[in-house]
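Shown here: final.txt, compact mmCIF, C-alpha atoms.
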```
# COMPACT_ATOMS: atom_id res chain seq x y z
CA MET L 4 118.32 55.72 11.04
CA GLY L 5 116.37 56.45 7.91
CA PRO L 6 115.09 54.19 5.21
CA SER L 7 118.25 54.77 3.16
CA GLN L 8 120.42 52.98 5.72
CA ALA L 9 122.77 50.26 4.54
CA LEU L 10 121.63 46.67 4.43
CA GLU L 11 123.39 43.98 6.42
CA GLY L 12 126.83 43.26 4.94
CA GLU L 13 126.88 46.38 2.80
CA ASP L 14 130.16 48.33 2.88
CA LEU L 15 130.37 51.41 0.70
CA ALA L 16 134.12 51.69 1.37
CA THR L 17 134.85 48.44 -0.44
CA LYS L 18 137.71 48.46 -2.93
CA ARG L 19 136.18 45.68 -4.99
CA TRP L 20 134.08 46.85 -7.88
CA GLU L 21 132.38 43.44 -7.98
CA ASP L 22 130.90 44.29 -4.55
CA ALA L 23 129.59 47.57 -5.94
CA ARG L 24 128.07 45.72 -8.86
CA HIS L 25 126.51 43.20 -6.47
CA TRP L 26 124.81 45.93 -4.40
CA ILE L 27 123.70 47.82 -7.49
CA SER L 28 121.99 44.68 -8.64
CA ILE L 29 120.33 44.15 -5.23
CA TYR L 30 118.99 47.70 -5.05
CA ALA L 31 117.90 47.65 -8.69
CA ASP L 32 115.99 44.41 -7.98
CA LEU L 33 114.47 45.83 -4.80
CA LEU L 34 113.32 48.93 -6.70
CA GLU L 35 111.80 46.79 -9.41
CA PHE L 36 110.12 44.69 -6.72
CA LYS L 37 108.66 47.77 -5.03
CA ARG L 38 107.50 49.15 -8.37
CA GLY L 39 105.61 45.90 -8.91
CA ILE L 40 103.99 46.09 -5.47
CA LEU L 41 103.21 49.78 -5.86
CA ALA L 42 101.52 49.19 -9.21
CA ARG L 43 99.47 46.39 -7.67
CA VAL L 44 98.41 48.52 -4.68
CA HIS L 45 97.56 51.50 -6.92
CA ARG L 46 95.36 49.26 -9.07
CA ASP L 47 93.58 47.72 -6.10
CA VAL L 48 93.16 50.94 -4.11
CA ALA L 49 91.33 52.52 -7.04
CA THR L 50 88.54 49.95 -6.63
CA LEU L 51 87.98 50.71 -2.93
CA GLN L 52 85.51 53.14 -1.40
CA PRO L 53 86.91 56.51 -0.24
CA PRO L 54 87.38 55.68 3.50
CA ALA L 55 89.23 52.49 2.60
CA GLN L 56 91.29 54.35 0.00
CA LYS L 57 92.38 56.76 2.69
CA ALA L 58 93.40 53.93 5.03
CA ALA L 59 95.24 52.11 2.25
CA ALA L 60 97.18 55.27 1.41
CA THR L 61 99.42 54.30 4.35
CA ASP L 62 100.69 51.37 2.31
CA LEU L 63 101.45 53.64 -0.63
CA ARG L 64 103.35 56.12 1.52
CA ILE L 65 105.47 53.38 3.11
CA ILE L 66 106.35 51.84 -0.23
CA GLU L 67 107.23 55.20 -1.77
CA THR L 68 109.45 56.12 1.19
CA GLN L 69 111.22 52.80 0.97
CA MET L 70 111.74 53.25 -2.77
CA GLN L 71 113.26 56.66 -2.16
CA GLY L 72 115.69 55.07 0.30
CA TYR L 73 116.69 52.34 -2.13
CA GLN L 74 117.16 54.90 -4.90
CA GLU L 75 119.51 56.87 -2.64
CA ARG L 76 121.57 53.74 -1.93
CA LEU L 77 121.61 52.86 -5.61
CA ASP L 78 122.89 56.35 -6.46
CA LEU L 79 125.63 55.99 -3.84
CA TRP L 80 126.73 52.66 -5.28
CA TYR L 81 126.71 54.05 -8.79
CA ARG L 82 128.97 56.88 -7.73
CA ARG L 83 131.21 54.34 -5.99
CA ILE L 84 131.41 52.07 -8.99
CA TRP L 85 132.39 54.98 -11.21
CA GLU L 86 135.18 55.82 -8.75
CA LEU L 87 136.36 52.22 -8.68
CA GLN L 88 136.08 51.98 -12.42
CA GLY L 89 138.33 55.01 -12.86
CA LEU L 90 135.85 57.36 -14.46
CA TRP L 91 136.82 60.99 -13.99
CA VAL L 92 134.61 63.88 -15.00
CA ASP L 93 135.81 67.50 -15.15
CA PRO L 94 132.87 69.91 -15.33
CA VAL L 95 135.09 72.97 -15.81
CA GLY L 96 136.97 71.72 -18.86
CA ARG L 97 134.06 69.42 -19.90
CA VAL L 98 136.50 66.54 -20.11
CA VAL L 99 135.81 62.88 -19.36
CA ARG L 100 138.60 60.43 -18.67
CA HIS L 101 138.37 56.69 -18.32
CA GLN L 102 141.29 54.33 -17.87
CA GLY L 103 143.81 56.52 -19.70
CA LYS L 104 141.46 57.63 -22.46
CA GLU L 105 140.09 61.14 -22.66
CA ALA L 106 137.38 63.03 -24.54
CA SER L 107 136.39 66.69 -24.65
CA LEU L 108 132.67 67.15 -24.79
CA THR L 109 130.47 69.97 -26.05
CA LYS L 110 128.36 71.80 -23.49
CA ARG L 111 125.20 69.87 -24.30
CA GLU L 112 126.99 66.50 -24.50
CA PHE L 113 128.53 67.14 -21.12
CA GLN L 114 125.27 68.31 -19.53
CA LEU L 115 123.49 65.20 -20.74
CA LEU L 116 126.25 62.84 -19.57
CA GLN L 117 126.47 64.56 -16.19
CA PHE L 118 122.70 64.42 -15.77
CA LEU L 119 122.58 60.71 -16.57
CA LEU L 120 125.55 59.97 -14.30
CA ASP L 121 123.87 61.88 -11.48
CA HIS L 122 120.63 59.93 -11.94
CA PRO L 123 121.77 56.41 -12.70
CA HIS L 124 119.41 53.57 -13.37
CA ARG L 125 116.48 55.91 -13.86
CA PHE L 126 114.62 56.50 -17.06
CA PHE L 127 113.93 59.95 -18.48
CA THR L 128 111.63 60.89 -21.31
CA THR L 129 112.75 63.21 -24.08
CA GLN L 130 110.80 66.06 -22.47
CA GLN L 131 112.38 65.40 -19.07
CA ILE L 132 115.86 65.46 -20.60
CA LEU L 133 115.10 68.71 -22.42
CA GLY L 134 113.78 70.31 -19.23
CA GLN L 135 116.10 68.83 -16.61
CA ALA L 136 119.40 68.07 -18.31
CA TRP L 137 119.47 71.14 -20.52
CA ALA L 138 116.86 73.35 -18.85
CA ASP L 139 115.58 74.24 -22.29
CA PRO L 140 112.20 72.62 -23.02
CA ALA L 141 111.94 74.70 -26.20
CA LEU L 142 114.53 72.52 -27.95
CA PHE L 143 113.31 69.97 -30.46
CA PRO L 144 113.03 66.33 -29.31
CA GLU L 145 115.27 65.38 -32.26
CA GLU L 146 118.09 67.12 -30.40
CA VAL L 147 117.87 64.50 -27.66
CA ARG L 148 118.16 61.65 -30.14
CA ASN L 149 121.10 63.40 -31.79
CA TYR L 150 122.97 63.90 -28.50
CA VAL L 151 122.15 60.40 -27.30
CA ARG L 152 123.79 59.06 -30.46
CA ARG L 153 126.86 61.20 -29.83
CA LEU L 154 127.10 60.15 -26.18
CA ARG L 155 126.83 56.49 -27.11
CA GLN L 156 129.84 56.95 -29.36
CA ILE L 157 131.77 58.64 -26.54
CA LEU L 158 130.99 55.71 -24.22
CA VAL L 159 132.34 53.35 -26.87
CA ASP L 160 135.45 55.47 -27.57
CA LEU L 161 136.35 55.65 -23.87
CA THR L 162 135.39 51.98 -23.28
CA ILE L 163 133.12 53.06 -20.43
CA PRO L 164 131.19 49.92 -19.42
CA ALA L 165 127.75 51.50 -19.63
CA ASP L 166 124.96 51.61 -22.16
CA LEU L 167 122.66 54.51 -22.87
CA VAL L 168 119.48 52.53 -23.40
CA ASN L 169 116.07 53.60 -24.62
CA LYS L 170 112.98 51.73 -23.42
CA PRO L 171 109.66 52.46 -25.11
CA GLY L 172 107.33 54.28 -22.75
CA ARG L 173 110.06 54.94 -20.17
CA GLY L 174 112.74 56.88 -21.99
CA TYR L 175 116.52 56.93 -21.74
CA SER L 176 118.76 55.62 -18.97
CA LEU L 177 122.46 55.07 -18.41
CA LEU L 178 122.91 51.48 -17.26
CA PHE L 179 126.11 49.99 -16.01
CA ARG L 180 127.06 46.90 -17.96
CA ALA L 181 127.10 43.83 -15.70
CA SER L 182 129.72 41.89 -17.63
CA MET X 26 93.53 42.17 23.57
CA LYS X 27 97.01 41.58 22.21
CA LYS X 28 98.51 44.38 20.17
CA VAL X 29 101.13 44.21 17.44
CA GLN X 30 104.57 44.63 18.98
CA ALA X 31 107.31 46.37 16.99
CA GLN X 32 110.62 44.56 17.48
CA SER X 33 112.77 45.62 14.54
CA ALA X 34 115.79 47.93 14.54
CA ARG X 35 114.16 50.10 11.88
CA PRO X 36 112.19 53.02 13.32
CA ASP X 37 110.47 53.63 9.96
CA ILE X 38 109.14 50.10 9.98
CA ASP X 39 108.29 50.21 13.68
CA ALA X 40 106.16 53.27 13.03
CA ALA X 41 104.46 51.59 10.10
CA VAL X 42 103.70 48.48 12.14
CA ARG X 43 102.29 50.62 14.94
CA GLY X 44 99.93 51.99 12.27
CA GLY X 45 98.40 48.52 12.32
CA ASP X 46 96.86 49.22 15.74
CA TRP X 47 93.41 47.71 15.45
CA THR X 48 91.83 50.01 18.00
CA GLN X 49 92.17 52.74 15.36
CA PRO X 50 88.97 53.21 13.37
CA MET X 51 88.89 54.78 9.92
CA ASP X 52 87.66 58.34 9.50
CA GLY X 53 83.88 58.50 9.95
CA GLU X 54 83.64 54.93 11.17
CA GLY X 55 82.23 55.51 14.63
CA ALA X 56 81.70 52.87 17.29
CA PRO X 57 80.08 49.59 16.21
CA GLY X 58 78.15 49.36 19.48
CA VAL X 59 75.88 52.31 18.66
CA SER X 60 75.58 51.91 14.90
CA THR X 61 72.54 51.16 12.76
CA LEU X 62 72.33 48.03 10.61
CA LYS X 63 72.85 50.08 7.44
CA HIS X 64 75.98 51.68 8.89
CA ALA X 65 77.29 48.32 10.12
CA LEU X 66 76.73 46.70 6.74
CA TYR X 67 78.53 49.58 5.03
CA TRP X 68 81.63 49.29 7.26
CA ARG X 69 81.63 45.52 7.07
CA GLN X 70 81.85 45.85 3.30
CA ILE X 71 84.63 48.46 3.53
CA TYR X 72 86.73 46.16 5.73
CA THR X 73 85.98 43.10 3.63
CA ASP X 74 87.27 44.92 0.54
CA ILE X 75 90.38 46.39 2.10
CA LEU X 76 91.28 43.12 3.82
CA ALA X 77 90.96 41.31 0.49
CA MET X 78 93.27 43.89 -1.02
CA GLU X 79 95.90 43.51 1.71
CA GLU X 80 95.81 39.75 1.36
CA LYS X 81 96.32 40.02 -2.40
CA VAL X 82 99.23 42.41 -1.84
CA LEU X 83 100.79 40.03 0.68
CA SER X 84 100.40 37.14 -1.70
CA ARG X 85 102.04 39.20 -4.49
CA ILE X 86 104.90 40.14 -2.15
CA ARG X 87 105.56 36.50 -1.31
CA GLN X 88 105.41 35.61 -4.99
CA LEU X 89 107.88 38.35 -5.98
CA MET X 90 110.19 37.51 -3.09
CA ASP X 91 111.16 34.32 -4.89
CA THR X 92 112.85 36.43 -7.55
CA GLN X 93 114.99 38.35 -5.05
CA SER X 94 118.56 37.76 -3.92
CA GLU X 95 119.12 36.55 -0.36
CA GLU X 96 119.83 40.13 0.79
CA GLY X 97 116.76 41.41 -1.04
CA ARG X 98 114.54 38.74 0.49
CA ARG X 99 115.79 39.60 3.96
CA GLU X 100 115.03 43.28 3.38
CA VAL X 101 111.52 42.50 2.15
CA GLU X 102 110.92 40.22 5.13
CA LEU X 103 112.03 43.01 7.42
CA THR X 104 110.14 45.82 5.74
CA ASN X 105 107.14 44.90 3.60
CA VAL X 106 105.89 41.73 5.21
CA PRO X 107 105.44 42.92 8.83
CA VAL X 108 103.80 46.15 7.70
CA VAL X 109 101.26 44.45 5.46
CA VAL X 110 100.63 41.69 8.00
CA ALA X 111 99.99 44.30 10.73
CA GLN X 112 97.65 46.26 8.46
CA ALA X 113 95.77 43.11 7.45
CA GLU X 114 95.46 42.07 11.08
CA ARG X 115 94.03 45.48 11.96
CA PHE X 116 91.46 45.28 9.18
CA ARG X 117 90.57 41.68 10.09
CA GLN X 118 89.95 42.72 13.68
CA ARG X 119 87.82 45.69 12.66
CA LEU X 120 85.89 43.46 10.28
CA GLY X 121 85.24 41.15 13.21
CA TYR X 122 83.68 44.03 15.18
CA TRP X 123 81.39 44.91 12.30
CA ASP X 124 80.51 41.29 11.61
CA ALA X 125 79.50 40.92 15.23
CA ARG X 126 77.46 44.12 15.12
CA VAL X 127 75.64 43.04 11.95
CA ALA X 128 74.86 39.67 13.53
CA GLN X 129 73.65 41.38 16.69
CA LEU X 130 71.37 43.78 14.81
CA ASN X 131 70.09 41.01 12.53
CA GLY X 132 69.36 38.93 15.58
CA LYS X 133 67.43 41.80 17.10
CA SER X 134 65.44 42.45 13.94
CA ASN X 135 64.66 38.71 13.63
CA HIS X 136 63.03 38.80 17.06
CA LYS X 137 60.84 41.71 16.16
CA PRO X 138 57.16 40.86 15.85
```
Full structure transcribed into structure tokens:
Amino acid sequence: MGPSQALEGEDLATKRWEDARHWISIYADLLEFKRGILARVHRDVATLQPPAQKAAATDLRIIETQMQGYQERLDLWYRRIWELQGLWVDPVGRVVRHQGKEASLTKREFQLLQFLLDHPHRFFTTQQILGQAWADPALFPEEVRNYVRRLRQILVDLTIPADLVNKPGRGYSLLFRAS
Amino acid sequence: MKKVQAQSARPDIDAAVRGGDWTQPMDGEGAPGVSTLKHALYWRQIYTDILAMEEKVLSRIRQLMDTQSEEGRREVELTNVPVVVAQAERFRQRLGYWDARVAQLNGKSNHKP
């Protein structure tokens, strides 16, 4: 069993989307918790002498591995909640359907939406979106803002319960709306 | 000497807890029994610092645990807490060796004419 194993009581086959929301919230909290601990350890390790830094690196590795595991579980639950929520994405026709509503997306709109859906609850800077979602770092950062605006409108039009948020210093993320 | 026993059903955590084996010195540490006073003082300081760090981390973990759901708290209790406790115990034990060595060498130097 790896660190991405299910927690006690966790059932990915659930038909209740409230369960999915519950586990998303637990893993999001755990990730936030680990980020807090990791930041603390990073700060403290920097003040130690080299031999102690090396010994303390064990703590860092453990925390990072655990975070990776939680992120994998969070991704699984996000995919599950989209299934339960009735979101259907067609990469060939670049069509998105949600509860009877449908929208055709441009290539860049679709690439951005797909990228954010594939990496839920994670923040990406403008440069990361340019390089990873579109594989074209030469594009202007304004393009990201433009496409984010367009995607937000698509989310509204299809009543998809998610927000494309922007946090200063962290970037953009697609967050499932809790209520 | 009693060693930390891994009892959980999580091999990743078991391995981490085993890393808290206090017979394991750090790189370059050497054996306290043959060290000079300068060397002993250096390693005593290293272990004092790292133990202080682990204790602060543990205290922060316990503080943050209050904000977690029941499932989250259980996970933290299973994963973070035993690992940090085992590491802290290892460093405390090693610090004890170096404390004893410093006291021994100080005692010797005090008896010098």
task = Using all atoms listed in the file, pick whichever of L:Gln74, L:Gln135, L:Gln69, L:Thr162 has the shortest atom-to-atom distance to Trp26 in chain L.
result = L:Gln74
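Near chain L, counting all atoms listed in the file at 8 Å, the chain X residues are Arg35, Pro36, Asp37, Ala41, Met51, Asp52, Gly53, Ile71, Tyr72, Asp74, Ile75, Met78, Val82, Arg85, Ile86, Leu89, Gln93, Ser94, Glu96, Gly97, Glu100, Asn105 and Val109 of chain X.
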message = Show me, as a list in words, the residues that have an atom within 9 Å of Arg100 in chain L when counting only C-alpha atoms, minus same-chain residues fewer than 6 positions from it.
response = Gly89, Leu90, Trp91, Val92, Asp93, Ala106, Ser107 and Leu161 of chain L
request  = Please provide the set of residues having any atom within 9 Å of Glu114 in chain X, restricted to only C-alpha atoms, with same-chain residues fewer than 2 positions apart removed, written as a ChimeraX atom specification.
outcome  = /X:29,45-47,76,109-112,116-119
inquiry  = At a cut-off of 10 Å around the point (81.5, 47.1, 6.2) (file coordinates), what residues fall inside when counting only C-alpha atoms? I'd like the answer as a count of residues only.
reply    = 21
query = Please, which residues are within 10 Å of (126.8, 48.8, -5.0) by the file's coordinates, counting only C-alpha atoms, and could they come as a ChimeraX atom specification?
reply = /L:13-15,17,19-31,76-84
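Proximity of L:Ile132, L:Ala138, L:Leu116, L:Ala9 to Leu158 in chain L, computed with only C-alpha atoms, is greatest for L:Leu116.
Each of L:Ala16, L:Tyr175, L:Met70, L:Arg38 was checked against Leu115 in chain L using only C-alpha atoms; the smallest atom-to-atom distance is that of L:Tyr175.
The space between CA of Asp91 in chain X and CA of Ala113 in chain X spans 21.6 Å.
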ask   = Excluding same-chain residues fewer than 6 positions from Gln88 in chain L, what lies within 9 Å of it counting only C-alpha atoms, as a ChimeraX atom specification?
value = /L:20,101-102,163-164
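Picture a line from CA of Glu112 in chain L to CA of Leu133 in chain L; it runs 12.3 Å.
You will find CA of Val147 in chain L at 14.4 Å from CA of Arg173 in chain L.
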Close residues, Glu146 in chain L itself excluded, 10 Å, all atoms listed in the file, min 6 positions apart in chain, as a short mmCIF file (atom, residue, chain, number, x, y, z; two decimals) with C-alpha atoms, in the frame of the given file:
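So around10.cif came out as:
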```
data_model
loop_
_atom_site.label_atom_id
_atom_site.label_comp_id
_atom_site.auth_asym_id
_atom_site.auth_seq_id
_atom_site.Cartn_x
_atom_site.Cartn_y
_atom_site.Cartn_z
CA ARG L 111 125.20 69.87 -24.30
CA THR L 129 112.75 63.21 -24.08
CA LEU L 133 115.10 68.71 -22.42
CA ARG L 152 123.79 59.06 -30.46
#
```
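In this comparison, which uses all atoms listed in the file, the residue of X:Arg115, X:Arg87, X:Arg126, X:Arg98 approaching Leu62 in chain X most closely is X:Arg126.
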request  = Would you please work out which residue, of X:Ala125, X:Glu80, X:Ala56, X:Gln88, is nearest to Val101 in chain X when using all atoms listed in the file?
outcome  = X:Gln88
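Distances to Gly174 in chain L were evaluated for L:Val99, L:Gln131, L:Ala42, L:Lys18 using only C-alpha atoms, and the minimum falls at L:Gln131.
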Please supply range 150-161 of chain L, rebuilt with all heavy atoms, as a PDB file, in the frame of the given file.
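Just written: part28.pdb:
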```pdb
ATOM      1  N   TYR L 150     121.942  63.904 -29.548  1.00  0.00           N
ATOM      2  CA  TYR L 150     122.970  63.900 -28.500  1.00  0.00           C
ATOM      3  C   TYR L 150     123.127  62.522 -27.859  1.00  0.00           C
ATOM      4  O   TYR L 150     124.218  62.165 -27.415  1.00  0.00           O
ATOM      5  CB  TYR L 150     122.681  64.983 -27.459  1.00  0.00           C
ATOM      6  CG  TYR L 150     123.149  66.333 -27.937  1.00  0.00           C
ATOM      7  CD1 TYR L 150     122.287  67.202 -28.583  1.00  0.00           C
ATOM      8  CD2 TYR L 150     124.478  66.722 -27.789  1.00  0.00           C
ATOM      9  CE1 TYR L 150     122.714  68.421 -29.066  1.00  0.00           C
ATOM     10  CE2 TYR L 150     124.923  67.940 -28.264  1.00  0.00           C
ATOM     11  CZ  TYR L 150     124.035  68.797 -28.900  1.00  0.00           C
ATOM     12  OH  TYR L 150     124.488  70.000 -29.372  1.00  0.00           O
ATOM     13  N   VAL L 151     122.051  61.761 -27.818  1.00  0.00           N
ATOM     14  CA  VAL L 151     122.150  60.400 -27.300  1.00  0.00           C
ATOM     15  C   VAL L 151     123.087  59.595 -28.194  1.00  0.00           C
ATOM     16  O   VAL L 151     123.966  58.859 -27.712  1.00  0.00           O
ATOM     17  CB  VAL L 151     120.752  59.739 -27.221  1.00  0.00           C
ATOM     18  CG1 VAL L 151     120.854  58.216 -27.130  1.00  0.00           C
ATOM     19  CG2 VAL L 151     119.983  60.266 -26.011  1.00  0.00           C
ATOM     20  N   ARG L 152     122.931  59.776 -29.504  1.00  0.00           N
ATOM     21  CA  ARG L 152     123.790  59.060 -30.460  1.00  0.00           C
ATOM     22  C   ARG L 152     125.259  59.442 -30.230  1.00  0.00           C
ATOM     23  O   ARG L 152     126.143  58.606 -30.203  1.00  0.00           O
ATOM     24  CB  ARG L 152     123.337  59.403 -31.886  1.00  0.00           C
ATOM     25  CG  ARG L 152     123.833  58.422 -32.928  1.00  0.00           C
ATOM     26  CD  ARG L 152     123.194  58.632 -34.285  1.00  0.00           C
ATOM     27  NE  ARG L 152     123.319  60.008 -34.755  1.00  0.00           N
ATOM     28  CZ  ARG L 152     122.283  60.836 -34.964  1.00  0.00           C
ATOM     29  NH1 ARG L 152     121.057  60.416 -34.740  1.00  0.00           N
ATOM     30  NH2 ARG L 152     122.471  62.054 -35.409  1.00  0.00           N
ATOM     31  N   ARG L 153     125.478  60.735 -30.021  1.00  0.00           N
ATOM     32  CA  ARG L 153     126.860  61.200 -29.830  1.00  0.00           C
ATOM     33  C   ARG L 153     127.444  60.677 -28.515  1.00  0.00           C
ATOM     34  O   ARG L 153     128.615  60.278 -28.464  1.00  0.00           O
ATOM     35  CB  ARG L 153     126.887  62.730 -29.874  1.00  0.00           C
ATOM     36  CG  ARG L 153     126.657  63.225 -31.303  1.00  0.00           C
ATOM     37  CD  ARG L 153     126.148  64.631 -31.363  1.00  0.00           C
ATOM     38  NE  ARG L 153     127.115  65.639 -30.967  1.00  0.00           N
ATOM     39  CZ  ARG L 153     126.998  66.936 -31.291  1.00  0.00           C
ATOM     40  NH1 ARG L 153     125.975  67.353 -32.029  1.00  0.00           N
ATOM     41  NH2 ARG L 153     127.887  67.794 -30.901  1.00  0.00           N
ATOM     42  N   LEU L 154     126.607  60.664 -27.472  1.00  0.00           N
ATOM     43  CA  LEU L 154     127.100  60.150 -26.180  1.00  0.00           C
ATOM     44  C   LEU L 154     127.404  58.654 -26.246  1.00  0.00           C
ATOM     45  O   LEU L 154     128.374  58.184 -25.630  1.00  0.00           O
ATOM     46  CB  LEU L 154     126.062  60.382 -25.079  1.00  0.00           C
ATOM     47  CG  LEU L 154     126.176  61.648 -24.242  1.00  0.00           C
ATOM     48  CD1 LEU L 154     125.311  61.529 -22.999  1.00  0.00           C
ATOM     49  CD2 LEU L 154     127.607  61.942 -23.815  1.00  0.00           C
ATOM     50  N   ARG L 155     126.577  57.938 -26.972  1.00  0.00           N
ATOM     51  CA  ARG L 155     126.830  56.490 -27.110  1.00  0.00           C
ATOM     52  C   ARG L 155     128.206  56.264 -27.737  1.00  0.00           C
ATOM     53  O   ARG L 155     128.939  55.372 -27.321  1.00  0.00           O
ATOM     54  CB  ARG L 155     125.738  55.846 -27.973  1.00  0.00           C
ATOM     55  CG  ARG L 155     124.463  55.582 -27.202  1.00  0.00           C
ATOM     56  CD  ARG L 155     123.390  55.036 -28.112  1.00  0.00           C
ATOM     57  NE  ARG L 155     122.188  54.694 -27.361  1.00  0.00           N
ATOM     58  CZ  ARG L 155     120.964  54.708 -27.864  1.00  0.00           C
ATOM     59  NH1 ARG L 155     120.761  55.055 -29.121  1.00  0.00           N
ATOM     60  NH2 ARG L 155     119.936  54.376 -27.109  1.00  0.00           N
ATOM     61  N   GLN L 156     128.542  57.081 -28.704  1.00  0.00           N
ATOM     62  CA  GLN L 156     129.840  56.950 -29.360  1.00  0.00           C
ATOM     63  C   GLN L 156     130.978  57.266 -28.389  1.00  0.00           C
ATOM     64  O   GLN L 156     132.009  56.591 -28.372  1.00  0.00           O
ATOM     65  CB  GLN L 156     129.905  57.879 -30.588  1.00  0.00           C
ATOM     66  CG  GLN L 156     131.134  57.641 -31.469  1.00  0.00           C
ATOM     67  CD  GLN L 156     131.236  56.189 -31.942  1.00  0.00           C
ATOM     68  OE1 GLN L 156     130.273  55.631 -32.475  1.00  0.00           O
ATOM     69  NE2 GLN L 156     132.390  55.553 -31.704  1.00  0.00           N
ATOM     70  N   ILE L 157     130.755  58.274 -27.537  1.00  0.00           N
ATOM     71  CA  ILE L 157     131.770  58.640 -26.540  1.00  0.00           C
ATOM     72  C   ILE L 157     131.986  57.485 -25.551  1.00  0.00           C
ATOM     73  O   ILE L 157     133.112  57.161 -25.192  1.00  0.00           O
ATOM     74  CB  ILE L 157     131.382  59.946 -25.815  1.00  0.00           C
ATOM     75  CG1 ILE L 157     131.475  61.116 -26.808  1.00  0.00           C
ATOM     76  CG2 ILE L 157     132.256  60.209 -24.600  1.00  0.00           C
ATOM     77  CD1 ILE L 157     130.780  62.386 -26.360  1.00  0.00           C
ATOM     78  N   LEU L 158     130.881  56.851 -25.140  1.00  0.00           N
ATOM     79  CA  LEU L 158     130.990  55.710 -24.220  1.00  0.00           C
ATOM     80  C   LEU L 158     131.824  54.599 -24.860  1.00  0.00           C
ATOM     81  O   LEU L 158     132.667  53.976 -24.203  1.00  0.00           O
ATOM     82  CB  LEU L 158     129.593  55.162 -23.867  1.00  0.00           C
ATOM     83  CG  LEU L 158     128.659  56.078 -23.065  1.00  0.00           C
ATOM     84  CD1 LEU L 158     127.282  55.430 -22.913  1.00  0.00           C
ATOM     85  CD2 LEU L 158     129.232  56.395 -21.688  1.00  0.00           C
ATOM     86  N   VAL L 159     131.596  54.388 -26.143  1.00  0.00           N
ATOM     87  CA  VAL L 159     132.340  53.350 -26.870  1.00  0.00           C
ATOM     88  C   VAL L 159     133.818  53.750 -26.969  1.00  0.00           C
ATOM     89  O   VAL L 159     134.715  52.958 -26.660  1.00  0.00           O
ATOM     90  CB  VAL L 159     131.744  53.130 -28.282  1.00  0.00           C
ATOM     91  CG1 VAL L 159     132.638  52.237 -29.136  1.00  0.00           C
ATOM     92  CG2 VAL L 159     130.354  52.520 -28.172  1.00  0.00           C
ATOM     93  N   ASP L 160     134.070  55.006 -27.378  1.00  0.00           N
ATOM     94  CA  ASP L 160     135.450  55.470 -27.570  1.00  0.00           C
ATOM     95  C   ASP L 160     136.274  55.373 -26.286  1.00  0.00           C
ATOM     96  O   ASP L 160     137.453  55.047 -26.327  1.00  0.00           O
ATOM     97  CB  ASP L 160     135.457  56.933 -28.060  1.00  0.00           C
ATOM     98  CG  ASP L 160     134.889  57.055 -29.474  1.00  0.00           C
ATOM     99  OD1 ASP L 160     134.751  56.003 -30.145  1.00  0.00           O
ATOM    100  OD2 ASP L 160     134.567  58.186 -29.883  1.00  0.00           O
ATOM    101  N   LEU L 161     135.627  55.670 -25.152  1.00  0.00           N
ATOM    102  CA  LEU L 161     136.350  55.650 -23.870  1.00  0.00           C
ATOM    103  C   LEU L 161     136.258  54.290 -23.175  1.00  0.00           C
ATOM    104  O   LEU L 161     136.709  54.142 -22.045  1.00  0.00           O
ATOM    105  CB  LEU L 161     135.807  56.741 -22.932  1.00  0.00           C
ATOM    106  CG  LEU L 161     135.947  58.196 -23.401  1.00  0.00           C
ATOM    107  CD1 LEU L 161     135.437  59.159 -22.335  1.00  0.00           C
ATOM    108  CD2 LEU L 161     137.388  58.533 -23.722  1.00  0.00           C
TER     109      LEU L 161
END
```
